[in-house]
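Colleague: final.txt is the file, holding compact mmCIF, C-alpha atoms:
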```txt
# COMPACT_ATOMS: atom_id res chain seq x y z
CA MET L 30 38.94 -7.68 12.40
CA SER L 31 40.86 -4.73 13.85
CA HIS L 32 43.63 -2.90 12.05
CA SER L 33 46.24 -4.39 14.39
CA GLU L 34 44.98 -7.95 13.81
CA SER L 35 44.79 -7.81 10.04
CA THR L 36 47.48 -7.68 7.38
CA CYS L 37 47.50 -6.81 3.70
CA TRP L 38 47.15 -10.52 2.95
CA THR L 39 44.07 -11.06 5.13
CA LEU L 40 42.53 -8.06 3.40
CA ILE L 41 43.39 -9.58 0.02
CA GLU L 42 41.90 -12.89 1.08
CA GLY L 43 38.62 -11.15 1.90
CA ALA L 44 38.72 -9.30 -1.42
CA VAL L 45 39.30 -12.56 -3.31
CA ARG L 46 36.27 -14.04 -1.55
CA GLY L 47 34.18 -11.12 -2.76
CA ARG L 48 33.73 -9.24 0.52
CA PRO L 49 32.63 -5.73 -0.57
CA GLU L 50 34.12 -4.01 2.49
CA ASP L 51 37.53 -5.58 1.86
CA ARG L 52 37.47 -4.60 -1.80
CA GLU L 53 36.51 -1.06 -0.84
CA ASP L 54 39.29 -0.95 1.76
CA LEU L 55 41.81 -2.22 -0.77
CA ALA L 56 40.75 0.45 -3.27
CA ARG L 57 40.85 3.17 -0.62
CA ARG L 58 44.35 2.24 0.48
CA TYR L 59 45.93 1.98 -2.95
CA ALA L 60 44.01 4.16 -5.44
CA ALA L 61 46.22 7.23 -5.00
CA LEU L 62 49.37 5.10 -5.11
CA ILE L 63 48.33 3.43 -8.37
CA GLN L 64 47.55 6.77 -10.01
CA ALA L 65 50.87 8.25 -8.84
CA ALA L 66 52.80 5.29 -10.25
CA LEU L 67 51.11 5.62 -13.64
CA LYS L 68 51.61 9.39 -13.72
CA GLY L 69 55.29 8.91 -12.97
CA ARG L 70 55.63 6.38 -15.78
CA TRP L 71 53.81 8.48 -18.37
CA ALA L 72 54.91 11.98 -17.35
CA GLY L 73 55.45 14.20 -20.38
CA SER L 74 53.77 11.86 -22.88
CA PRO L 75 50.27 11.96 -24.45
CA ILE L 76 49.35 8.67 -22.79
CA LEU L 77 49.23 10.55 -19.48
CA ALA L 78 45.58 11.29 -20.27
CA GLU L 79 44.83 7.59 -19.87
CA VAL L 80 45.84 7.44 -16.18
CA PRO L 81 42.21 7.34 -14.90
CA ASP L 82 41.27 4.50 -17.26
CA ALA L 83 44.46 2.59 -16.53
CA SER L 84 43.91 2.99 -12.77
CA GLN L 85 40.47 1.47 -13.12
CA GLU L 86 41.96 -1.32 -15.21
CA VAL L 87 44.39 -2.17 -12.39
CA PHE L 88 41.46 -2.72 -10.03
CA LEU L 89 39.60 -4.71 -12.66
CA GLU L 90 42.68 -6.89 -13.04
CA LEU L 91 42.83 -7.36 -9.28
CA PHE L 92 39.18 -8.17 -8.70
CA ARG L 93 37.90 -9.95 -11.80
CA ASP L 94 37.36 -13.72 -11.70
CA GLY L 95 40.67 -15.37 -12.45
CA GLY L 96 42.44 -12.04 -12.05
CA ALA L 97 45.61 -11.16 -10.16
CA LEU L 98 44.18 -11.52 -6.65
CA HIS L 99 42.79 -14.94 -7.49
CA ARG L 100 46.21 -16.10 -8.68
CA VAL L 101 48.23 -14.86 -5.72
CA ARG L 102 49.22 -17.28 -2.96
CA LEU L 103 47.35 -16.20 0.15
CA ASP L 104 49.69 -18.03 2.52
CA ARG L 105 52.74 -16.07 1.39
CA ASP L 106 54.85 -13.87 3.64
CA GLY L 107 56.10 -10.42 2.77
CA SER L 108 54.54 -7.23 1.49
CA PHE L 109 51.97 -6.28 -1.08
CA ARG L 110 54.33 -3.76 -2.67
CA GLY L 111 56.09 -5.97 -5.21
CA PHE L 112 52.88 -7.77 -6.12
CA LEU L 113 50.99 -4.51 -6.72
CA TYR L 114 53.83 -2.99 -8.71
CA GLY L 115 53.84 -6.04 -10.98
CA VAL L 116 50.12 -5.66 -11.67
CA ILE L 117 50.50 -1.92 -12.38
CA LEU L 118 53.42 -2.59 -14.70
CA ASN L 119 51.50 -5.23 -16.66
CA VAL L 120 48.50 -2.94 -17.10
CA ALA L 121 50.74 0.00 -18.13
CA ARG L 122 52.51 -2.08 -20.75
CA ARG L 123 49.19 -3.30 -22.10
CA PHE L 124 47.96 0.29 -22.52
CA GLU L 125 51.21 1.27 -24.23
CA ARG L 126 51.01 -1.70 -26.57
CA ASN L 127 47.39 -0.95 -27.47
CA ARG L 128 48.22 2.66 -28.29
CA ARG L 129 51.02 1.58 -30.59
CA GLN L 130 48.85 -0.96 -32.36
CA HIS L 131 45.87 1.31 -32.93
CA ARG L 132 47.78 4.57 -33.41
CA GLU L 133 45.17 6.44 -31.38
CA SER L 134 47.48 9.27 -30.31
CA ALA L 135 50.67 11.11 -31.19
CA LEU L 136 52.71 8.79 -28.96
CA ASP L 137 54.94 6.98 -31.46
CA SER L 138 56.77 3.70 -30.89
CA THR L 139 60.02 5.46 -30.02
CA GLU L 140 58.33 7.36 -27.19
CA THR L 141 56.64 4.21 -25.95
CA ASP L 142 59.90 2.27 -25.99
CA SER L 143 61.61 4.99 -23.97
CA ILE L 144 58.86 4.71 -21.36
CA ALA L 145 59.18 0.98 -21.12
CA THR L 146 62.95 0.67 -20.93
CA ASP L 147 63.85 2.75 -17.86
CA GLU L 148 62.21 0.32 -15.45
CA ASP L 149 64.81 0.84 -12.70
CA MET L 150 63.98 4.53 -12.45
CA LEU L 151 60.26 3.79 -12.47
CA ALA L 152 60.67 1.18 -9.76
CA ARG L 153 62.51 3.74 -7.62
CA GLN L 154 59.73 6.25 -8.20
CA PHE L 155 57.19 3.66 -7.15
CA ASP L 156 59.19 2.84 -4.01
CA ARG L 157 59.30 6.51 -3.07
CA THR L 158 55.57 6.91 -3.66
CA TRP L 159 54.97 3.76 -1.63
CA ALA L 160 57.05 5.19 1.23
CA GLU L 161 55.11 8.45 1.12
CA SER L 162 51.85 6.52 1.17
CA LEU L 163 52.79 4.53 4.28
CA LEU L 164 54.12 7.59 6.10
CA ASN L 165 50.88 9.43 5.29
CA GLN L 166 48.89 6.48 6.62
CA ALA L 167 50.92 6.62 9.83
CA ALA L 168 50.31 10.37 10.11
CA SER L 169 46.56 9.83 9.63
CA LEU L 170 46.53 7.10 12.27
CA MET L 171 48.43 9.33 14.70
CA THR L 172 46.01 12.20 14.02
CA GLU L 173 43.01 9.98 14.62
CA ARG L 174 44.42 8.79 17.93
CA ALA L 175 45.41 12.28 19.04
CA ARG L 176 41.85 13.51 18.51
CA SER L 177 40.48 10.66 20.60
CA LEU L 178 43.04 11.24 23.40
CA GLY L 179 42.37 14.95 23.73
CA PRO L 180 44.27 18.27 23.93
CA PRO L 181 47.68 17.02 25.24
CA ALA L 182 48.02 14.52 22.38
CA GLU L 183 46.75 17.06 19.85
CA ARG L 184 49.34 19.54 21.11
CA ARG L 185 52.11 16.98 20.59
CA LEU L 186 50.79 16.41 17.08
CA GLU L 187 50.96 20.15 16.38
CA ILE L 188 54.52 20.30 17.70
CA LEU L 189 55.49 17.52 15.32
CA ARG L 190 53.77 19.29 12.41
CA LEU L 191 55.49 22.58 13.15
CA ARG L 192 58.86 20.87 13.45
CA PHE L 193 58.66 18.85 10.21
CA SER L 194 56.12 20.54 7.94
CA GLU L 195 57.17 24.12 8.71
CA GLY L 196 60.75 23.40 9.76
CA LEU L 197 60.56 25.44 12.95
CA PRO L 198 63.22 24.77 15.59
CA VAL L 199 61.98 23.62 18.98
CA ARG L 200 62.94 26.96 20.52
CA SER L 201 60.61 28.83 18.14
CA ILE L 202 57.80 26.35 18.78
CA ALA L 203 58.22 26.91 22.51
CA GLU L 204 57.94 30.66 21.99
CA ARG L 205 54.79 30.18 19.92
CA PHE L 206 53.23 28.16 22.74
CA SER L 207 54.64 30.42 25.46
CA ASP L 208 56.22 27.33 26.98
CA LYS L 209 59.64 26.32 28.23
CA THR L 210 61.99 24.96 25.59
CA GLU L 211 62.85 21.95 27.76
CA HIS L 212 59.19 21.00 28.08
CA VAL L 213 58.60 21.31 24.33
CA HIS L 214 61.68 19.15 23.72
CA HIS L 215 60.12 16.52 25.98
CA GLU L 216 56.76 16.74 24.18
CA TYR L 217 58.50 16.60 20.81
CA ALA L 218 60.27 13.39 21.82
CA LYS L 219 56.93 11.89 22.90
CA ALA L 220 55.36 12.97 19.59
CA ARG L 221 58.12 11.27 17.63
CA ALA L 222 57.58 8.11 19.67
CA ASP L 223 53.82 8.32 18.95
CA PHE L 224 54.52 8.62 15.24
CA ARG L 225 57.00 5.75 15.26
CA LYS L 226 54.42 3.55 16.98
CA ALA L 227 51.82 4.46 14.34
CA LEU L 228 54.33 3.83 11.55
CA GLU L 229 55.25 0.42 12.98
CA GLU L 230 51.58 -0.53 13.04
CA VAL L 231 51.11 0.54 9.42
CA VAL L 232 54.27 -1.27 8.36
CA THR L 233 53.19 -4.43 10.20
CA PHE L 234 50.01 -4.41 8.14
CA HIS L 235 52.01 -4.32 4.90
CA TYR L 236 55.03 -6.37 6.01
CA PRO L 237 53.88 -9.21 8.28
CA GLY L 238 56.98 -10.46 10.01
CA SER L 239 59.23 -10.18 13.03
CA LYS L 240 59.63 -7.01 15.09
CA LEU L 241 63.19 -6.72 13.78
CA GLU L 242 61.96 -6.84 10.18
CA VAL L 243 59.29 -4.22 10.90
CA GLU L 244 61.91 -1.91 12.42
CA ARG L 245 64.15 -2.40 9.39
CA GLN L 246 61.32 -1.58 7.00
CA CYS L 247 60.45 1.56 8.99
CA GLN L 248 64.02 2.76 8.71
CA GLU L 249 64.12 2.07 4.97
CA LEU L 250 60.89 4.01 4.44
CA ILE L 251 62.26 7.04 6.27
CA GLN L 252 65.55 6.88 4.36
CA LEU L 253 63.73 6.78 1.02
CA LEU L 254 62.35 10.24 1.71
CA GLN L 255 65.52 11.86 3.02
```
Re-express the file's structure as structure tokens.

Modeller:
Amino acid sequence: MSHSESTCWTLIEGAVRGRPEDREDLARRYAALIQAALKGRWAGSPILAEVPDASQEVFLELFRDGGALHRVRLDRDGSFRGFLYGVILNVARRFERNRRQHRESALDSTETDSIATDEDMLARQFDRTWAESLLNQAASLMTERARSLGPPAERRLEILRLRFSEGLPVRSIAERFSDKTEHVHHEYAKARADFRKALEEVVTFHYPGSKLEVERQCQELIQLLQ
């Protein structure tokens, strides 16, 4: 099944059925996001050292028989974001509870309670990390397509990178390419359209729904990072 034909839920369905390629794809897509969420939750506390083990535990919880993926409704609409955050949160709380009970580190109950109570902040951190993840996926998809399309598309990609990553104005980019400013403006507009198309495809994967809903989600993702 192609990227454009599948959604997060069809991928999950394959993972639930034990398809190795779908489980590998799921892990590839979300491993960095899971680790970032746990690091954000445990920043500045001794339990931070347990991020690798807790990340593995999230995937065990997802894939084991009777685990989270087996309990989720596969006919549901919406995104994987809230579902995944719930699994991460449950695993994180279990690690925190175990550390309190066994007193295996210097993290005392007061520190653990302070971690667990500011859930609104942690949810916002997760949302921001989620937004960054999807935007990075869109950038990777755009890069892959540009390489297959050849030099003109790769040049538009470089213009976009110079504009956003390095903050160069279009006039300076035009000077770097020894090109007319008007032409670079035109290429920059095309590059932004290419990126928006890639982002919409990524968002459609995670948020199956109407075109209007996809556009709304794209706008929300961009606003989260402004």

Colleague: Using only C-alpha atoms, which residues sit within 7 Å of Val231 (chain L) once same-chain residues fewer than 6 positions away are excluded, as an MDAnalysis selection string?

Modeller: chainID L and resid 163 166:167

Colleague: Select, from L:Leu170, L:Ile41, L:Arg184, L:Pro198, the residue with the minimum atom-to-atom distance to Glu230 (chain L), counting all atoms listed in the file.

Modeller: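 Smallest separation from Glu230 (chain L) among the options: L:Leu170.
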
Colleague: Suppose you want the space between CA of Arg58 (chain L) and CA of Leu91 (chain L); what is it in Å?

Modeller: 13.8 Å

Colleague: May I ask which of the residues L:Ser74, L:Gln252, L:Ser35, L:Ser201 is the closest one to Leu164 (chain L), counting only C-alpha atoms?

Modeller: L:Gln252

Colleague: Point out the residue among L:Arg176, L:Arg110, L:Lys240, L:Arg192 with the least atom-to-atom distance to Leu62 (chain L), counting only C-alpha atoms.

Modeller: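 Smallest separation from Leu62 (chain L) among the options: L:Arg110.
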
Colleague: Which one is closest to Leu89 (chain L): L:Arg52, L:Arg122, L:Arg174, L:Arg70? Count all atoms listed in the file.

Modeller: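 The answer is L:Arg52, which sits nearest to Leu89 (chain L).
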
Colleague: For region 209-220 of chain L, work out the shell of residues within 7 Å, counting all atoms listed in the file and skipping chain neighbours fewer than 4 positions away, then give it as a list of chain:residue names.

Modeller: L:Arg185, L:Leu186, L:Ile188, L:Leu189, L:Val199, L:Arg200, L:Ala203, L:Phe224

Colleague: Need to verify the contact set: Ala168 (chain L), 8 Å, all atoms listed in the file, exclusion of same-chain residues closer than 3 positions in sequence. Can you return it as a short mmCIF file (atom, residue, chain, number, x, y, z; two decimals) with C-alpha atoms, in the coordinates of the input?

Modeller:
```cif
data_model
loop_
_atom_site.label_atom_id
_atom_site.label_comp_id
_atom_site.auth_asym_id
_atom_site.auth_seq_id
_atom_site.Cartn_x
_atom_site.Cartn_y
_atom_site.Cartn_z
CA LEU L 164 54.12 7.59 6.10
CA ASN L 165 50.88 9.43 5.29
CA MET L 171 48.43 9.33 14.70
CA THR L 172 46.01 12.20 14.02
CA PHE L 224 54.52 8.62 15.24
CA ALA L 227 51.82 4.46 14.34
CA LEU L 228 54.33 3.83 11.55
#
```

Colleague: Rounded to one decimal in Å, what is the spacing between CA of Ser207 (chain L) and CA of Ser194 (chain L)?

Modeller: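 If I compute the distance from CA of Ser207 (chain L) to CA of Ser194 (chain L), I get 20.2 Å.
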
Colleague: Which residues are close to Tyr59 (chain L), i.e. within 12 Å by only C-alpha atoms, leaving aside same-chain residues fewer than 4 positions away? Reply as a list in words.

Modeller: Cys37, Arg52, Glu53, Asp54, Leu55, Ile63, Gln64, Ala65, Ala66, Ser84, Gln85, Val87, Phe88, Leu91, Phe109, Arg110, Leu113, Tyr114, Ile117, Thr158, Trp159, Glu161, Ser162, Leu163, Gln166 and His235 of chain L

Colleague: Could you work out how far CA of Glu148 (chain L) lies from CA of Cys247 (chain L), giving the answer in Å with one decimal?

Modeller: 24.5 Å

Colleague: Taking all atoms of region 37-54 of chain L that the file lists and extending 8 Å past them on each side, where is the centre of the axis-aligned box and how long are its edges? Answer in Å to one decimal, as lines of an AutoDock Vina configuration file.

Modeller:
```
center_x = 40.1
center_y = -7.5
center_z = 0.9
size_x = 30.9
size_y = 29.1
size_z = 24.4
```

Colleague: Mind listing as a ChimeraX atom specification all residues within 9 Å of (48.6, -4.2, -17.3), counting all atoms listed in the file?

Modeller: /L:83,86-87,90,115-124

Colleague: With all atoms listed in the file as the atoms that count, which of L:Arg157, L:Arg225, L:Arg57, L:Arg128 lies nearest to Glu79 (chain L)?

Modeller: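 For Glu79 (chain L), the nearest of the given residues is L:Arg128.
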